[in-house]
Amino acid sequence: MIPLDFEDLTAEEVSRHFGRRRALSRISFQTRKSSILGLLGPNGAGKSTMLAVLATLLRPSSGAVRYGTHTAATSGAALRSRIGILGHDLFLYPELTARENLAFFAGLYGAKVPQAAADAALQRSGLADRADDPVASFSRGMRQRVALERALIHGPRLVLLDEPFTGLDDTSTAALVARLQGLRESNAIVVLATHDLDLAEGLLDTALFLRDGRIAETVTRPDALRSTYRTIMRRST
Amino acid sequence: MIRTAWLVLKKDLTVEVRSLEIAYTTLFFAVSCVLFFAFALVKEGKAPEDGAAGILWIAIAFGGTLALGRTFERERQSETLRALLMAPAARPAIYVGKLLGIVALLVAAEIILVPLVAFLFQAPLLSHPFWLGAVLLTGTLGFATVGTLFSAMLVRARSRDVLLPVLLYPITVPVIIAGVRATAALLQPDVELALVRFWVALLIALDVVFVTLALWTFEPLMTD
């Protein structure tokens, strides 16, 4: 597989239909490396669908997503090697231990020594002492931390996060915020879908407000997210 | 591709060894099938001629369907299927890993089923172990190849448990017929090895067709 890299992500008039239901309608945006883009909106706004399209798990019904000069159709597997996703579901095997889960995914992403990659990830997550416990015995917050490490184990350029703050206590939330800021400093492109406006406050470089699958507003360097959100949503109803 | 298939196979076997969920249910169902037929058909210690071959394959097909239904259901529960599809590996490699896991499980079930059927139906199933092994392996591969593809295809369907056998059995009828006829040929007092070879060759040909089609269609089927 030929190594591939990109420095920007562009959605061009992306629409996605499920039968007659339109989940996304003509979404366009661009984001670059070293930035965090927030997808904000109520339930059913199309945030998760947008993430699935960006992750190459769904094809747009029309429009295109460009990863630098590449597309999912032309680059496929090579492109996926540069994308990490943390979904609303955690993508972990409950019967396997944290170490086994991380080593499995490190192996899938081509790590030369999957065990070493898993051990490093466990250190970062602060779960090294629970490494050999099955994930089924973990709390939601601990699973979320393992799942985040799973998503980042191959050092992706594009990091897609769907409600990453779910189930985290204050300490873990602060650690996640620091991790996201670290990703920005390490030239990653982060796209974050969340309901938690207070936690997203001050973290986002760009906020994309979605409603009914459409962009209601795009705000650069947003502040006072909650009041901005209320104003935009009221205007778009 | 081989590395990815091996990783998926190893992971599936580890999960199965921990839970024994599919192994227990498949084996319980298959053994129950054999016992029911034995109670119904074996009269005064005499089993119907050639009955063992059919009953062995019914047990494999029914037990196998149960195992096939669970193999991708497990990937659906924590949406790990999405994580597998996101991996930069060739997607057919994921299919091959899942397929080998199912074949391994069914072969393990057959190791218990064959002596059980041989004992209950007084059938000389083990008189030609090499040829019986060849028939079972090629037949199981053909059945599991189609079943694994359909199981993956139906993973998001609400009525997947009903749809799987409805789709699977008509397509795998040639495999089951060839398996039954080959096994029945092995049970004759004077075994015609030329006939057995013919059925095994047919099973290999079906395997080649099914595996090729499955590898070709898995990626487009799983993309959306």
# chains A, B, ... in the order shown; residues from 1 in each chain; ligands from 1
>>> closest_atom_pairs(of="chain A", to="chain B", cutoff="6 Å", atoms="only C-alpha atoms", output="JSON lines")
{"residue": "A:Leu58", "atom": "CA", "partner": "B:Asp224", "partner_atom": "CA", "distance": 5.1}
{"residue": "A:Ala77", "atom": "CA", "partner": "B:Pro88", "partner_atom": "CA", "distance": 4.2}
{"residue": "A:Arg80", "atom": "CA", "partner": "B:Pro88", "partner_atom": "CA", "distance": 5.1}
{"residue": "A:Ser81", "atom": "CA", "partner": "B:Pro88", "partner_atom": "CA", "distance": 4.8}
{"residue": "A:Asp89", "atom": "CA", "partner": "B:Ser78", "partner_atom": "CA", "distance": 5.9}
{"residue": "A:Phe91", "atom": "CA", "partner": "B:Thr80", "partner_atom": "CA", "distance": 4.2}
{"residue": "A:Glu95", "atom": "CA", "partner": "B:Val15", "partner_atom": "CA", "distance": 5.8}
>>> residues_around(residues="segment 185-188 of chain A", least_positions_apart="3", cutoff="6 Å", atoms="only C-alpha atoms", output="ChimeraX atom specification")
/A:33-34,157-158,182
>>> write_last_selection(atoms="C-alpha atoms", output="PDB file, in the first residue's frame")
ATOM      1  CA  LYS A  33      -4.479  20.508   9.459  1.00  0.00           C
ATOM      2  CA  SER A  34      -3.933  21.817  12.990  1.00  0.00           C
ATOM      3  CA  ARG A 157      -4.180  12.668  10.039  1.00  0.00           C
ATOM      4  CA  LEU A 158      -7.965  12.948  10.154  1.00  0.00           C
ATOM      5  CA  GLY A 182      -2.408  17.946  21.484  1.00  0.00           C
TER       6      GLY A 182
END
>>> residues_around(residues="Thr138 of chain B", least_positions_apart="3", cutoff="12 Å", atoms="only C-alpha atoms", output="PyMOL selection string")
chain B and resi 103+106-107+131-135+141-145+175-176+178-179+182-183+197+199-208+210-211
>>> residues_around(residues="Val146 of chain A", least_positions_apart="6", cutoff="10 Å", atoms="only C-alpha atoms", output="number ranges by chain")
A: 90-92, 98-99, 101-102, 121-122, 124-127, 131, 135, 138, 140, 152
>>> select_by_dssp(residues="segment 9-232 of chain A", states="alpha helix (DSSP H)", output="number ranges by chain")
A: 47-54, 72-80, 98-108, 114-125, 140-152, 170-185, 197-200, 225-232
>>> select_by_dssp(residues="segment 20-231 of chain A", states="strand (DSSP E)", output="PyMOL selection string")
chain A and resi 21-32+35-40+62-67+83-86+158-162+189-194+206-211+214-220
>>> closest_residue(among="B:Leu99, B:Leu213, B:Ala184, B:Ala23", to="Ile55 of chain B", atoms="only C-alpha atoms")
B:Ala184
>>> residues_around(residues="Ala136 of chain A", least_positions_apart="6", cutoff="9 Å", atoms="only C-alpha atoms", output="MDAnalysis selection string")
chainID A and resid 93:97 143
>>> write_last_selection(atoms="N, CA and C atoms", output="JSON list (two decimals), in the first residue's frame")
[["chain", "number", "residue", "atom", "x", "y", "z"],
["A", 93, "TYR", "N", -14.34, -4.97, 21.43],
["A", 93, "TYR", "CA", -14.87, -6.31, 21.71],
["A", 93, "TYR", "C", -14.93, -6.51, 23.22],
["A", 94, "PRO", "N", -16.12, -6.62, 23.80],
["A", 94, "PRO", "CA", -16.20, -6.71, 25.27],
["A", 94, "PRO", "C", -15.53, -7.95, 25.86],
["A", 95, "GLU", "N", -15.46, -9.02, 25.07],
["A", 95, "GLU", "CA", -14.85, -10.26, 25.60],
["A", 95, "GLU", "C", -13.32, -10.17, 25.67],
["A", 96, "LEU", "N", -12.74, -9.27, 24.87],
["A", 96, "LEU", "CA", -11.28, -9.15, 24.85],
["A", 96, "LEU", "C", -10.82, -8.14, 25.90],
["A", 97, "THR", "N", -9.58, -8.29, 26.32],
["A", 97, "THR", "CA", -9.02, -7.33, 27.27],
["A", 97, "THR", "C", -8.68, -6.03, 26.53],
["A", 143, "ARG", "N", -14.13, 2.62, 29.07],
["A", 143, "ARG", "CA", -14.26, 2.10, 27.70],
["A", 143, "ARG", "C", -14.02, 3.22, 26.68]]
>>> closest_residue(among="A:Arg130, A:Gly141, A:Leu199, A:Ser172", to="Arg226 of chain A", atoms="only C-alpha atoms")
A:Leu199
>>> atom_distance(atom1="atom CA of Arg82 of chain A", atom2="atom CA of Phe6 of chain A")
8.8 Å
>>> closest_residue(among="B:Val34, B:Lys43, B:Ala67, B:Ala52", to="Ile22 of chain B", atoms="only C-alpha atoms")
B:Ala67
>>> closest_residue(among="B:Gly101, B:Pro189, B:Gly51, B:Pro92", to="Ala118 of chain B", atoms="only C-alpha atoms")
B:Gly51
